$ cat upload14.txt   # compact mmCIF, C-alpha atoms
# COMPACT_ATOMS: atom_id res chain seq x y z
CA MET A 22 0.00 0.00 0.00
CA GLY A 23 2.86 2.35 0.76
CA GLN A 24 3.87 2.34 -2.90
CA LEU A 25 0.63 4.18 -3.70
CA LEU A 26 1.52 7.11 -1.44
CA ILE A 27 3.61 10.23 -1.95
CA ALA A 28 4.22 11.88 1.40
CA GLY A 29 4.91 15.46 2.43
CA PHE A 30 6.73 16.54 5.58
CA ASP A 31 7.83 19.64 7.50
CA GLY A 32 11.30 21.11 7.57
CA GLN A 33 14.43 20.82 5.49
CA GLU A 34 15.42 17.41 6.85
CA ILE A 35 13.58 14.11 6.68
CA PRO A 36 11.85 13.52 10.05
CA LEU A 37 12.24 10.30 12.00
CA GLU A 38 8.52 9.56 11.63
CA LEU A 39 8.80 9.50 7.86
CA ARG A 40 11.88 7.30 8.00
CA SER A 41 10.00 4.82 10.19
CA LEU A 42 6.95 4.91 7.92
CA ALA A 43 9.07 4.26 4.84
CA LYS A 44 10.91 1.42 6.53
CA GLU A 45 7.74 -0.31 7.74
CA PHE A 46 5.36 0.21 4.84
CA GLY A 47 7.45 1.49 1.94
CA LEU A 48 6.54 4.65 0.05
CA GLY A 49 6.02 5.60 -3.56
CA GLY A 50 7.71 8.94 -3.08
CA VAL A 51 7.92 12.26 -1.31
CA ILE A 52 6.81 15.74 -2.38
CA LEU A 53 8.76 18.89 -1.64
CA PHE A 54 7.06 22.16 -0.76
CA ALA A 55 8.44 25.63 -0.02
CA ARG A 56 8.88 24.62 3.61
CA ASN A 57 11.39 21.97 2.54
CA ILE A 58 13.49 24.18 0.27
CA GLY A 59 16.74 25.92 1.09
CA ASP A 60 19.64 26.50 -1.28
CA PRO A 61 20.35 24.20 -4.27
CA GLU A 62 22.94 22.24 -2.30
CA GLN A 63 20.44 21.49 0.48
CA VAL A 64 17.76 20.43 -2.01
CA ALA A 65 20.21 18.05 -3.73
CA GLU A 66 21.15 16.42 -0.43
CA LEU A 67 17.52 16.16 0.70
CA SER A 68 16.48 14.59 -2.61
CA PHE A 69 19.37 12.14 -2.53
CA GLU A 70 18.45 11.02 0.98
CA ALA A 71 14.70 10.89 0.31
CA ALA A 72 15.09 8.75 -2.80
CA ARG A 73 16.86 6.11 -0.73
CA LEU A 74 14.42 5.81 2.16
CA VAL A 75 13.32 2.45 0.74
CA PRO A 76 16.45 0.47 -0.21
CA ASP A 77 14.82 -1.88 -2.72
CA LEU A 78 13.12 0.73 -4.91
CA PRO A 79 14.10 4.42 -5.24
CA LEU A 80 11.33 6.81 -4.28
CA TRP A 81 9.96 9.50 -6.56
CA VAL A 82 11.13 12.92 -5.42
CA SER A 83 8.37 15.20 -6.64
CA ILE A 84 7.60 18.92 -6.66
CA ASP A 85 5.23 21.54 -8.11
CA GLN A 86 7.47 23.58 -10.39
CA GLU A 87 5.44 25.20 -13.16
CA GLY A 88 6.70 28.73 -13.44
CA GLY A 89 4.91 31.93 -12.56
CA ARG A 90 2.94 31.81 -9.31
CA VAL A 91 3.40 28.07 -8.79
CA ALA A 92 7.09 27.56 -8.16
CA ARG A 93 8.50 25.84 -5.09
CA LEU A 94 12.07 26.54 -6.17
CA LYS A 95 12.69 30.27 -5.90
CA SER A 96 15.77 32.34 -6.65
CA PRO A 97 18.65 31.51 -6.93
CA PHE A 98 16.92 28.79 -9.00
CA THR A 99 15.70 29.98 -12.40
CA GLU A 100 12.48 31.99 -12.13
CA TRP A 101 10.31 30.81 -15.02
CA PRO A 102 7.39 32.75 -16.55
CA PRO A 103 3.82 31.40 -16.25
CA MET A 104 2.59 28.94 -18.86
CA ALA A 105 0.24 31.53 -20.40
CA THR A 106 3.27 33.58 -21.44
CA LEU A 107 4.78 30.56 -23.12
CA GLY A 108 1.48 29.77 -24.84
CA ARG A 109 1.15 33.29 -26.22
CA SER A 110 4.51 32.95 -27.93
CA GLY A 111 3.04 30.30 -30.25
CA ASP A 112 6.50 28.78 -30.54
CA VAL A 113 6.72 24.99 -30.21
CA LYS A 114 10.53 25.01 -30.29
CA LEU A 115 10.59 27.50 -27.44
CA ALA A 116 8.25 25.27 -25.46
CA GLU A 117 10.61 22.33 -26.02
CA ARG A 118 13.59 24.38 -24.88
CA PHE A 119 11.65 25.51 -21.82
CA ALA A 120 10.78 21.91 -20.88
CA ARG A 121 14.32 20.65 -21.37
CA ALA A 122 15.87 23.47 -19.35
CA LEU A 123 13.39 23.06 -16.50
CA ALA A 124 13.90 19.28 -16.47
CA ALA A 125 17.68 19.69 -16.41
CA GLU A 126 17.48 22.03 -13.44
CA LEU A 127 15.23 19.64 -11.50
CA LYS A 128 17.41 16.67 -12.37
CA ALA A 129 20.50 18.48 -11.09
CA VAL A 130 19.03 18.60 -7.57
CA GLY A 131 17.58 15.09 -7.65
CA VAL A 132 13.91 15.86 -8.38
CA THR A 133 12.46 13.08 -10.54
CA LEU A 134 8.76 13.99 -10.84
CA ASP A 135 7.25 17.41 -11.59
CA PHE A 136 3.54 18.14 -11.20
CA ALA A 137 2.71 20.75 -13.84
CA PRO A 138 -0.23 21.49 -16.16
CA VAL A 139 0.02 19.84 -19.55
CA LEU A 140 -3.55 19.73 -20.91
CA ASP A 141 -5.23 22.45 -18.87
CA VAL A 142 -7.17 25.15 -20.71
CA HIS A 143 -8.46 28.34 -19.13
CA THR A 144 -12.11 28.00 -20.16
CA ASN A 145 -13.69 29.94 -17.29
CA PRO A 146 -12.32 33.44 -16.62
CA LYS A 147 -14.27 33.54 -13.34
CA ASN A 148 -12.25 30.61 -12.00
CA PRO A 149 -8.82 31.84 -10.90
CA VAL A 150 -7.42 28.42 -9.98
CA ILE A 151 -5.89 27.76 -13.41
CA GLY A 152 -5.68 31.23 -14.93
CA ASP A 153 -2.20 31.94 -16.26
CA ARG A 154 -1.14 28.39 -15.40
CA ALA A 155 -2.79 27.23 -18.66
CA LEU A 156 -1.12 27.58 -22.04
CA ALA A 157 -4.34 28.57 -23.83
CA GLU A 158 -8.00 29.41 -23.35
CA THR A 159 -9.47 26.65 -25.53
CA ALA A 160 -8.37 23.29 -26.86
CA ALA A 161 -8.72 24.67 -30.40
CA ASP A 162 -5.80 26.99 -29.69
CA TRP A 163 -3.45 24.00 -29.73
CA ALA A 164 -1.73 22.73 -32.84
CA ALA A 165 -1.13 19.10 -33.69
CA PRO A 166 2.25 17.81 -32.43
CA SER A 167 3.65 17.80 -35.97
CA SER A 168 2.73 21.42 -36.64
CA PRO A 169 5.58 23.93 -36.54
CA ARG A 170 3.64 26.33 -34.31
CA PHE A 171 0.78 26.48 -31.87
CA ARG A 172 -2.46 27.85 -33.29
CA THR A 173 -3.30 30.74 -31.04
CA LYS A 174 -5.89 33.52 -31.03
CA ALA A 175 -4.03 35.42 -28.35
CA SER A 176 -1.36 38.05 -28.73
CA PRO A 177 1.52 37.58 -31.18
CA ARG A 178 4.83 36.01 -30.27
CA ALA A 179 5.88 37.17 -26.81
CA ALA A 180 9.52 38.01 -27.32
CA SER A 181 9.80 39.22 -23.76
CA ILE A 182 10.09 35.69 -22.39
CA SER A 183 13.15 34.84 -24.45
CA PRO A 184 15.72 36.74 -22.34
CA VAL A 185 14.32 35.20 -19.14
CA MET A 186 14.75 31.70 -20.51
CA ALA A 187 17.93 32.22 -22.49
CA THR A 188 19.95 33.56 -19.58
CA PRO A 189 19.03 31.55 -16.48
CA ALA A 190 20.88 32.46 -13.33
CA ARG A 191 24.12 30.61 -12.68
CA ILE A 192 24.99 29.78 -9.10
CA PRO A 193 28.51 28.55 -8.33
CA ILE A 194 28.45 25.79 -5.75
CA SER A 195 31.93 25.14 -4.49
CA SER A 196 31.32 21.90 -2.62
CA CYS A 197 28.72 19.64 -1.04
CA ARG A 198 28.41 19.00 2.64
CA SER A 199 29.05 15.27 2.61
CA SER A 200 31.25 12.92 0.62
CA SER A 201 28.24 10.73 -0.29
CA THR A 202 26.51 13.72 -1.85
CA ARG A 203 29.66 14.74 -3.66
CA ARG A 204 29.89 11.33 -5.28
CA ASN A 205 26.26 10.61 -5.98
CA ALA A 206 24.11 13.74 -6.25
CA CYS A 207 26.66 15.98 -7.91
CA GLY A 208 28.41 13.35 -10.01
CA ARG A 209 31.86 14.64 -9.17
CA SER A 210 34.40 13.62 -6.59
CA ASN A 211 35.20 17.07 -5.23
CA SER A 212 32.62 19.68 -6.26
CA CYS A 213 29.07 20.30 -7.43
CA PRO A 214 28.37 21.59 -10.93
CA SER A 215 27.75 25.26 -11.55
CA TRP A 216 24.10 26.29 -11.66
CA PRO A 217 22.07 25.58 -13.74
CA PRO A 218 23.67 22.40 -15.13
CA SER A 219 23.31 23.26 -18.80
CA ARG A 220 22.32 26.16 -21.00
CA LEU A 221 18.82 26.45 -22.34
CA GLY A 222 18.28 24.15 -25.28
CA SER A 223 20.83 21.52 -24.28
CA PRO A 224 18.99 18.26 -23.46
CA PRO A 225 19.76 16.71 -20.06
CA SER A 226 21.94 13.63 -20.24
$ encode --input "upload14.txt" --output "structure tokens"
Amino acid sequence: MGQLLIAGFDGQEIPLELRSLAKEFGLGGVILFARNIGDPEQVAELSFEAARLVPDLPLWVSIDQEGGRVARLKSPFTEWPPMATLGRSGDVKLAERFARALAAELKAVGVTLDFAPVLDVHTNPKNPVIGDRALAETAADWAAPSSPRFRTKASPRAASISPVMATPARIPISSCRSSSTRRNACGRSNSCPSWPPSRLGSPPS
């Protein structure tokens, strides 16, 4: 039954109660909220430790990282625009670059599952829950996957999002706190990678 659950917790360290629960029942994963987030180094260590709470099967380390108003990872992580801004650009290639860059940043700190809108449409302007979290207002605004561009009735290409995505912040991280994190989370024997791990448009390895 534990494999069906993704658990949240308080603080920036895994509590003893969660460790006991994972040991006794197993868990499918954990979810990180703002209360769990410190600097990139801390997030990488927390993710590394959380993924290994159940020895036989690595846990999902999940988060809500959409961009805009729903972003658990704040500065000095990259601050992404809301999905509506991306949708208004009408640029499929830009959307691909956005997804790859966001995935690379999450992967660098050990996050393996991101909860973000993919098929949401903002059909009811009186409902603020989705709002600018959706890429479009109707399903008809979307193009087929093979089309070179989105079909959109909104504003023309939003060039203003390009500088935000093309120049994500870089955070030098000189070292990790523990030798196990240095070897496993960062992938190097003596230092963590600079931040973010790759430039926009480079697919994560």
$ atom_distance --input "upload14.txt" --atom1 "atom CA of A:Leu127" --atom2 "atom CA of A:Ala92"
11.8 Å
$ closest_residue --input "upload14.txt" --among "A:Leu26, A:Arg118, A:Pro102, A:Glu45" --to "A:Leu80" --atoms "only C-alpha atoms"
A:Leu26
$ closest_residue --input "upload14.txt" --among "A:Ala116, A:Ala65, A:Ile58, A:Leu74" --to "A:Val132" --atoms "only C-alpha atoms"
A:Ala65
$ atom_distance --input "upload14.txt" --atom1 "atom CA of A:Arg56" --atom2 "atom CA of A:Asp31"
6.4 Å
$ atom_distance --input "upload14.txt" --atom1 "atom CA of A:His143" --atom2 "atom CA of A:Arg109"
12.9 Å
$ closest_residue --input "upload14.txt" --among "A:Phe30, A:Phe119, A:Phe136, A:Trp101" --to "A:Asn57" --atoms "all atoms listed in the file"
A:Phe30
$ closest_residue --input "upload14.txt" --among "A:Val82, A:Ala137, A:Ala105, A:Met22" --to "A:Phe46" --atoms "all atoms listed in the file"
A:Met22
$ closest_residue --input "upload14.txt" --among "A:Leu78, A:Leu123, A:Ala129, A:Ile27" --to "A:Ile52" --atoms "only C-alpha atoms"
A:Ile27
$ residues_near_point --input "upload14.txt" --point "(19.2, 27.4, -5.7)" --cutoff "7 Å" --atoms "all atoms listed in the file" --output "PyMOL selection string"
chain A and resi 60-61+96-98
$ closest_residue --input "upload14.txt" --among "A:Ala55, A:Ala161, A:Ala155, A:Ala43" --to "A:Lys95" --atoms "all atoms listed in the file"
A:Ala55
$ residues_around --input "upload14.txt" --residues "A:Arg154" --least-positions-apart "3" --cutoff "10 Å" --atoms "only C-alpha atoms" --output "ChimeraX atom specification"
/A:87-91,102-108,137-139,141-143,149-151,157
$ residues_around --input "upload14.txt" --residues "A:Ser68" --least-positions-apart "2" --cutoff "12 Å" --atoms "all atoms listed in the file" --output "mmCIF file with C-alpha atoms, in the frame of the given file"
data_model
loop_
_atom_site.group_PDB
_atom_site.id
_atom_site.type_symbol
_atom_site.label_atom_id
_atom_site.label_comp_id
_atom_site.auth_asym_id
_atom_site.auth_seq_id
_atom_site.Cartn_x
_atom_site.Cartn_y
_atom_site.Cartn_z
ATOM 1 C CA GLN A 33 14.430 20.820 5.490
ATOM 2 C CA GLU A 34 15.420 17.410 6.850
ATOM 3 C CA ILE A 35 13.580 14.110 6.680
ATOM 4 C CA GLY A 50 7.710 8.940 -3.080
ATOM 5 C CA VAL A 51 7.920 12.260 -1.310
ATOM 6 C CA ILE A 52 6.810 15.740 -2.380
ATOM 7 C CA LEU A 53 8.760 18.890 -1.640
ATOM 8 C CA ASN A 57 11.390 21.970 2.540
ATOM 9 C CA ILE A 58 13.490 24.180 0.270
ATOM 10 C CA GLY A 59 16.740 25.920 1.090
ATOM 11 C CA PRO A 61 20.350 24.200 -4.270
ATOM 12 C CA GLU A 62 22.940 22.240 -2.300
ATOM 13 C CA GLN A 63 20.440 21.490 0.480
ATOM 14 C CA VAL A 64 17.760 20.430 -2.010
ATOM 15 C CA ALA A 65 20.210 18.050 -3.730
ATOM 16 C CA GLU A 66 21.150 16.420 -0.430
ATOM 17 C CA GLU A 70 18.450 11.020 0.980
ATOM 18 C CA ALA A 71 14.700 10.890 0.310
ATOM 19 C CA ALA A 72 15.090 8.750 -2.800
ATOM 20 C CA ARG A 73 16.860 6.110 -0.730
ATOM 21 C CA LEU A 74 14.420 5.810 2.160
ATOM 22 C CA PRO A 79 14.100 4.420 -5.240
ATOM 23 C CA LEU A 80 11.330 6.810 -4.280
ATOM 24 C CA TRP A 81 9.960 9.500 -6.560
ATOM 25 C CA VAL A 82 11.130 12.920 -5.420
ATOM 26 C CA SER A 83 8.370 15.200 -6.640
ATOM 27 C CA ILE A 84 7.600 18.920 -6.660
ATOM 28 C CA LEU A 127 15.230 19.640 -11.500
ATOM 29 C CA LYS A 128 17.410 16.670 -12.370
ATOM 30 C CA ALA A 129 20.500 18.480 -11.090
ATOM 31 C CA VAL A 130 19.030 18.600 -7.570
ATOM 32 C CA GLY A 131 17.580 15.090 -7.650
ATOM 33 C CA VAL A 132 13.910 15.860 -8.380
ATOM 34 C CA THR A 133 12.460 13.080 -10.540
ATOM 35 C CA LEU A 134 8.760 13.990 -10.840
ATOM 36 C CA THR A 202 26.510 13.720 -1.850
ATOM 37 C CA ASN A 205 26.260 10.610 -5.980
ATOM 38 C CA ALA A 206 24.110 13.740 -6.250
ATOM 39 C CA CYS A 207 26.660 15.980 -7.910
#
